[in-house]
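A short worksheet on the structure shown next.
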Amino acid sequence: MNRRAAALLLALGALLVALPHVAGSYALSVATLILYFAYTGQAWNVMMGFAGQLSLGHSIYVGVGAYAAGALFFHYGIGPWAGLWLAIALSVLIGLVIGFLAFRFGISGVYFALLTIAFAEFTRIGFDHLDWLGGPGGMFLKVAQRDQIDLANFRGPPIMYYYAMLALSAAALALCAWLLRSRAGYYWRAIREDEEAAQALGINTFRWKMLAVTISSAMTAISGVFFAFYYNNLFPEQIFNIGRSIEIILGPVIGGVGTLFGPILGAAVLTLLSDGITEALAAFGWEIPGIKQVLYGLVLLAAIMFMPHGIWPALARRIGVDR
Amino acid sequence: MSALLQVEGLDLYYGDAQALVQVSLEVPEGEIVAIVGANGAGKSTLIRAIAGIERPRAGRIRFAGRDLAGLDSHEVCNLGIAQVAEGRQVFPSLTVEENLELGAMLPRARAGARRAMQDAYALFPTLAERRRQLAGTMSGGEQQMLAIGRSLMAQPELIMFDEPSLGLAPLVAKEVLHAIHVLNARGLTILLVEQNVAVSLRISQHAYVLENGRIVMSGSGEQLLRDDRVRQAYLGL
């Protein structure tokens, strides 16, 4: 990292730390959402951006993580710090099953992506029939006091959730920066570029792809736990929905797949764009059904046409920092 | 003394289609052994079977006295068998140097990686000049040199080349084949699959002709060059 990049990163960090003291409650909720997508996009990016394995079913890890920690709290009053481990364990287990099936039997590319969708869909249908978890009617976590911070149960005012998400995003960024420079990062790049060649060089592609799945699913499970305790209600129809998986990948795709700052920038741009369109439409008084989605889609289309590698690589070149 | 690489009675299927039928061959230490044959004869399949990428249904592969049955490709590489696969499989968005470094990630290669890189640069000086260039932006010939250099990074005892001159301009192809010759002179054992039959027979000590998955003929390169069947089928004479 060059000097300018370090300075910019420091400035961004300071800005984010100070934000709750200047922003109103609405802005804070938007910022929390941005960080949530930045973190989850970073997690997805480990699999696709680093190791080249396209997952279109990351909602499965969010959902399983959310339901695991949520159910422990709902039924037994066990807080998320313990639930976190169950969430991670279950998500990693599912990731390893998908990975084993795919990588052992040579399922790759589009077919791998289809497999990840299939798993997420099956899980959605399965959870619809799990009455213990509320079934299609959903599971609702008790919302106690909103004004006091109860860290043990992760209950508190919006500012607590904001800082939690900020800490997670910063940790994810640091982890990914380290991973990219590690031996694993090298192997992943080789596998992403040309898996056959990587294999011919003696790289154990199966093992390294499984590692990428493990890290990615574990990270995503944590966003699931956050989701459960932030929104307090879980519906299989929503949380496992393929739309959720697409939401997760849009940030890194728009921001720059495989880059460190792409997922963060992408999450910010998309969330602000979505909110901006809503507000602009309200200001103009346009009430045509679906126009928001059309505008959103058009902007995405333009972004991909003019910056096929993402916004970050284009921007990084402009402001003179490394990618 | 027994050969460095011995293949005995190899049968390999893709689904129901048999790609290799009772293939046996020997690669003695320090020699260049060539495999010639038409497209689809099974030459690449044979290399992939030895490398541990394809699983044979029957037969044995022994390297330096060790049975390779059941070993994964990364384990085979770590025993000292490198391959330069068909089509110059370099990593396009990595630099020349990063490509080379990736060739030395195996446990057997890490210690000597520095010296191996100097050797690779000495063999192909153009790689040294372009060490910071992205591999994907180089010419076909340079990419092939990089692929060969990268295979050397593992400090192998045997290198298998799959069509190293395919798609290269004649002069560049000549340079690549010359490099193979130089490597052999330095003591590396080489298994060469090459569409340029005349050249590969000339530089190899021993050669096998593969047709429809079977070895139909074998002999010294010179013998095969004089053989009427070979001359008709592969040299167009």
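Convention: chains lettered A, B, ... in structure tokens order; per-chain residue numbering from 1; ligands numbered from 1 as shown.
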
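Within 6 Å of chain B, and using only C-alpha atoms, the residues found on chain A are Glu193, Ala197, Leu201, Gly202, Ile203 and Asn204 of chain A.
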
- Task: Tell me, as a list in words, which residues lie within 12 Å of B:Ala38, counting only C-alpha atoms; anything in the same chain fewer than 5 positions away does not count.
- Result: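 Everything that qualifies: Lys43, Ser44, Glu163, Val193, Glu194, Gln195, Asn196, Val197, Val209, Leu210, Glu211, Asn212, Gly213, Arg214, Val230, Ala233, Tyr234 and Leu235 of chain B.
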
- Task: Have a look at atom CA of A:Gly251 and atom CA of A:Ala38 and let me know their distance in Å, one decimal.
- Result: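 These two atoms are separated by 7.1 Å.
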
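You will find atom CA of B:Gly70 at 20.8 Å from atom CA of B:Val27.
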
- Query: Could you pull out the helix (DSSP H, G or I) residues of stretch 180-295 of chain A from DSSP and send them as a PyMOL selection string?
  - Reply: chain A and resi 180-181+183-193+195-200+205-231+236-239+242-255+262-284+291-295

- Task: Tell me, in Å to one decimal, how far atom CA of B:Asn184 is from atom CA of B:Arg110.
- Result: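 Separation between atom CA of B:Asn184 and atom CA of B:Arg110: 22.7 Å.
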
- Message: Show me, as number ranges by chain, the residues that have an atom within 9 Å of A:Glu121 when counting only C-alpha atoms, minus same-chain residues fewer than 2 positions from it.
- Response: A: 57, 60, 116-119, 123-126, 240-242

- Please provide as a ChimeraX atom specification all residues within 8 Å of stretch 177-179 of chain B, with the sequence filter that same-chain residues fewer than 5 positions apart are discarded (counting only C-alpha atoms). /B:123,164-165

Using only C-alpha atoms, please write the residues we just selected to a file, as a PDB file, in the first residue's frame.
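Generated output (selection01.pdb):
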```pdb
ATOM      1  CA  LEU B 123      17.761 -20.037 -20.134  1.00  0.00           C
ATOM      2  CA  PRO B 164       5.294 -27.172 -26.883  1.00  0.00           C
ATOM      3  CA  SER B 165       5.580 -25.715 -30.388  1.00  0.00           C
TER       4      SER B 165
END
```

- Of the residues A:Phe100, A:Tyr67, A:Tyr163, A:Trp286, which is the one nearest to A:Leu211, using only C-alpha atoms?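 Going through A:Phe100, A:Tyr67, A:Tyr163, A:Trp286 one by one, the smallest distance to A:Leu211 is for A:Phe100.
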
- Using only C-alpha atoms, determine which residues lie at most 12 Å from A:Ile264, disregarding the query and same-chain residues fewer than 4 positions distant; provide the list as number ranges by chain. A: 9, 12, 31, 33-43, 45, 166, 169-170, 172-173, 248-260, 268-271, 310-312

- Name the residues in contact with B:Ser24 at a cut-off of 6 Å, using only C-alpha atoms, excluding same-chain residues fewer than 5 positions from it; report them as a VMD selection string. chain B and resid 7 to 9

Would you mind listing what lies within 8 Å of B:Leu191 as a PDB file with N, CA, C and O atoms, in the first residue's frame, with only C-alpha atoms counted and same-chain residues fewer than 3 positions away left out?
```
ATOM      1  N   VAL B  27      10.719 -44.487 -19.916  1.00  0.00           N
ATOM      2  CA  VAL B  27      11.526 -43.291 -20.142  1.00  0.00           C
ATOM      3  C   VAL B  27      12.792 -43.426 -19.291  1.00  0.00           C
ATOM      4  O   VAL B  27      12.746 -43.211 -18.076  1.00  0.00           O
ATOM      5  N   ILE B  32      15.590 -38.150 -23.919  1.00  0.00           N
ATOM      6  CA  ILE B  32      14.351 -37.557 -24.425  1.00  0.00           C
ATOM      7  C   ILE B  32      13.567 -38.672 -25.090  1.00  0.00           C
ATOM      8  O   ILE B  32      14.070 -39.334 -25.996  1.00  0.00           O
ATOM      9  N   VAL B  33      12.365 -38.910 -24.619  1.00  0.00           N
ATOM     10  CA  VAL B  33      11.503 -39.902 -25.244  1.00  0.00           C
ATOM     11  C   VAL B  33      10.322 -39.154 -25.852  1.00  0.00           C
ATOM     12  O   VAL B  33       9.703 -38.322 -25.191  1.00  0.00           O
ATOM     13  N   ALA B  34      10.056 -39.454 -27.131  1.00  0.00           N
ATOM     14  CA  ALA B  34       8.980 -38.745 -27.821  1.00  0.00           C
ATOM     15  C   ALA B  34       7.782 -39.661 -28.015  1.00  0.00           C
ATOM     16  O   ALA B  34       7.941 -40.875 -28.179  1.00  0.00           O
ATOM     17  N   ILE B  35       6.606 -39.076 -27.979  1.00  0.00           N
ATOM     18  CA  ILE B  35       5.387 -39.797 -28.337  1.00  0.00           C
ATOM     19  C   ILE B  35       4.780 -39.054 -29.512  1.00  0.00           C
ATOM     20  O   ILE B  35       4.498 -37.853 -29.411  1.00  0.00           O
ATOM     21  N   LEU B 158      11.851 -35.063 -14.130  1.00  0.00           N
ATOM     22  CA  LEU B 158      11.237 -35.380 -15.421  1.00  0.00           C
ATOM     23  C   LEU B 158      10.277 -34.251 -15.794  1.00  0.00           C
ATOM     24  O   LEU B 158       9.482 -33.819 -14.963  1.00  0.00           O
ATOM     25  N   ILE B 159      10.382 -33.761 -17.031  1.00  0.00           N
ATOM     26  CA  ILE B 159       9.394 -32.798 -17.511  1.00  0.00           C
ATOM     27  C   ILE B 159       8.640 -33.415 -18.680  1.00  0.00           C
ATOM     28  O   ILE B 159       9.256 -33.987 -19.588  1.00  0.00           O
ATOM     29  N   MET B 160       7.331 -33.301 -18.640  1.00  0.00           N
ATOM     30  CA  MET B 160       6.512 -33.777 -19.753  1.00  0.00           C
ATOM     31  C   MET B 160       6.036 -32.562 -20.542  1.00  0.00           C
ATOM     32  O   MET B 160       5.417 -31.660 -19.976  1.00  0.00           O
ATOM     33  N   PHE B 161       6.323 -32.533 -21.805  1.00  0.00           N
ATOM     34  CA  PHE B 161       5.901 -31.424 -22.667  1.00  0.00           C
ATOM     35  C   PHE B 161       4.757 -31.872 -23.551  1.00  0.00           C
ATOM     36  O   PHE B 161       4.875 -32.873 -24.252  1.00  0.00           O
TER      37      PHE B 161
END
```

Strand (DSSP E) per DSSP on the backbone: members of stretch 115-178 of chain B, as a PDB file with all heavy atoms, in the first residue's frame:
```pdb
ATOM      1  N   LEU B 158      11.851 -35.063 -14.130  1.00  0.00           N
ATOM      2  CA  LEU B 158      11.237 -35.380 -15.421  1.00  0.00           C
ATOM      3  C   LEU B 158      10.277 -34.251 -15.794  1.00  0.00           C
ATOM      4  O   LEU B 158       9.482 -33.819 -14.963  1.00  0.00           O
ATOM      5  CB  LEU B 158      10.459 -36.698 -15.320  1.00  0.00           C
ATOM      6  CG  LEU B 158       9.542 -37.061 -16.487  1.00  0.00           C
ATOM      7  CD1 LEU B 158      10.358 -37.480 -17.710  1.00  0.00           C
ATOM      8  CD2 LEU B 158       8.579 -38.165 -16.106  1.00  0.00           C
ATOM      9  N   ILE B 159      10.382 -33.761 -17.031  1.00  0.00           N
ATOM     10  CA  ILE B 159       9.394 -32.798 -17.511  1.00  0.00           C
ATOM     11  C   ILE B 159       8.640 -33.415 -18.680  1.00  0.00           C
ATOM     12  O   ILE B 159       9.256 -33.987 -19.588  1.00  0.00           O
ATOM     13  CB  ILE B 159      10.024 -31.475 -17.986  1.00  0.00           C
ATOM     14  CG1 ILE B 159      10.863 -30.844 -16.879  1.00  0.00           C
ATOM     15  CG2 ILE B 159       8.944 -30.481 -18.389  1.00  0.00           C
ATOM     16  CD1 ILE B 159      11.357 -29.448 -17.231  1.00  0.00           C
ATOM     17  N   MET B 160       7.331 -33.301 -18.640  1.00  0.00           N
ATOM     18  CA  MET B 160       6.512 -33.777 -19.753  1.00  0.00           C
ATOM     19  C   MET B 160       6.036 -32.562 -20.542  1.00  0.00           C
ATOM     20  O   MET B 160       5.417 -31.660 -19.976  1.00  0.00           O
ATOM     21  CB  MET B 160       5.307 -34.553 -19.220  1.00  0.00           C
ATOM     22  CG  MET B 160       5.705 -35.722 -18.340  1.00  0.00           C
ATOM     23  SD  MET B 160       4.301 -36.776 -17.932  1.00  0.00           S
ATOM     24  CE  MET B 160       3.418 -35.751 -16.759  1.00  0.00           C
ATOM     25  N   PHE B 161       6.323 -32.533 -21.805  1.00  0.00           N
ATOM     26  CA  PHE B 161       5.901 -31.424 -22.667  1.00  0.00           C
ATOM     27  C   PHE B 161       4.757 -31.872 -23.551  1.00  0.00           C
ATOM     28  O   PHE B 161       4.875 -32.873 -24.252  1.00  0.00           O
ATOM     29  CB  PHE B 161       7.058 -30.983 -23.569  1.00  0.00           C
ATOM     30  CG  PHE B 161       8.139 -30.252 -22.846  1.00  0.00           C
ATOM     31  CD1 PHE B 161       9.235 -30.941 -22.337  1.00  0.00           C
ATOM     32  CD2 PHE B 161       8.088 -28.883 -22.676  1.00  0.00           C
ATOM     33  CE1 PHE B 161      10.239 -30.274 -21.672  1.00  0.00           C
ATOM     34  CE2 PHE B 161       9.092 -28.209 -22.016  1.00  0.00           C
ATOM     35  CZ  PHE B 161      10.178 -28.908 -21.510  1.00  0.00           C
ATOM     36  N   ASP B 162       3.672 -31.123 -23.531  1.00  0.00           N
ATOM     37  CA  ASP B 162       2.542 -31.447 -24.403  1.00  0.00           C
ATOM     38  C   ASP B 162       2.463 -30.379 -25.496  1.00  0.00           C
ATOM     39  O   ASP B 162       2.069 -29.250 -25.223  1.00  0.00           O
ATOM     40  CB  ASP B 162       1.250 -31.495 -23.584  1.00  0.00           C
ATOM     41  CG  ASP B 162       0.108 -32.155 -24.351  1.00  0.00           C
ATOM     42  OD1 ASP B 162       0.324 -32.467 -25.542  1.00  0.00           O
ATOM     43  OD2 ASP B 162      -0.966 -32.347 -23.767  1.00  0.00           O
TER      44      ASP B 162
END
```
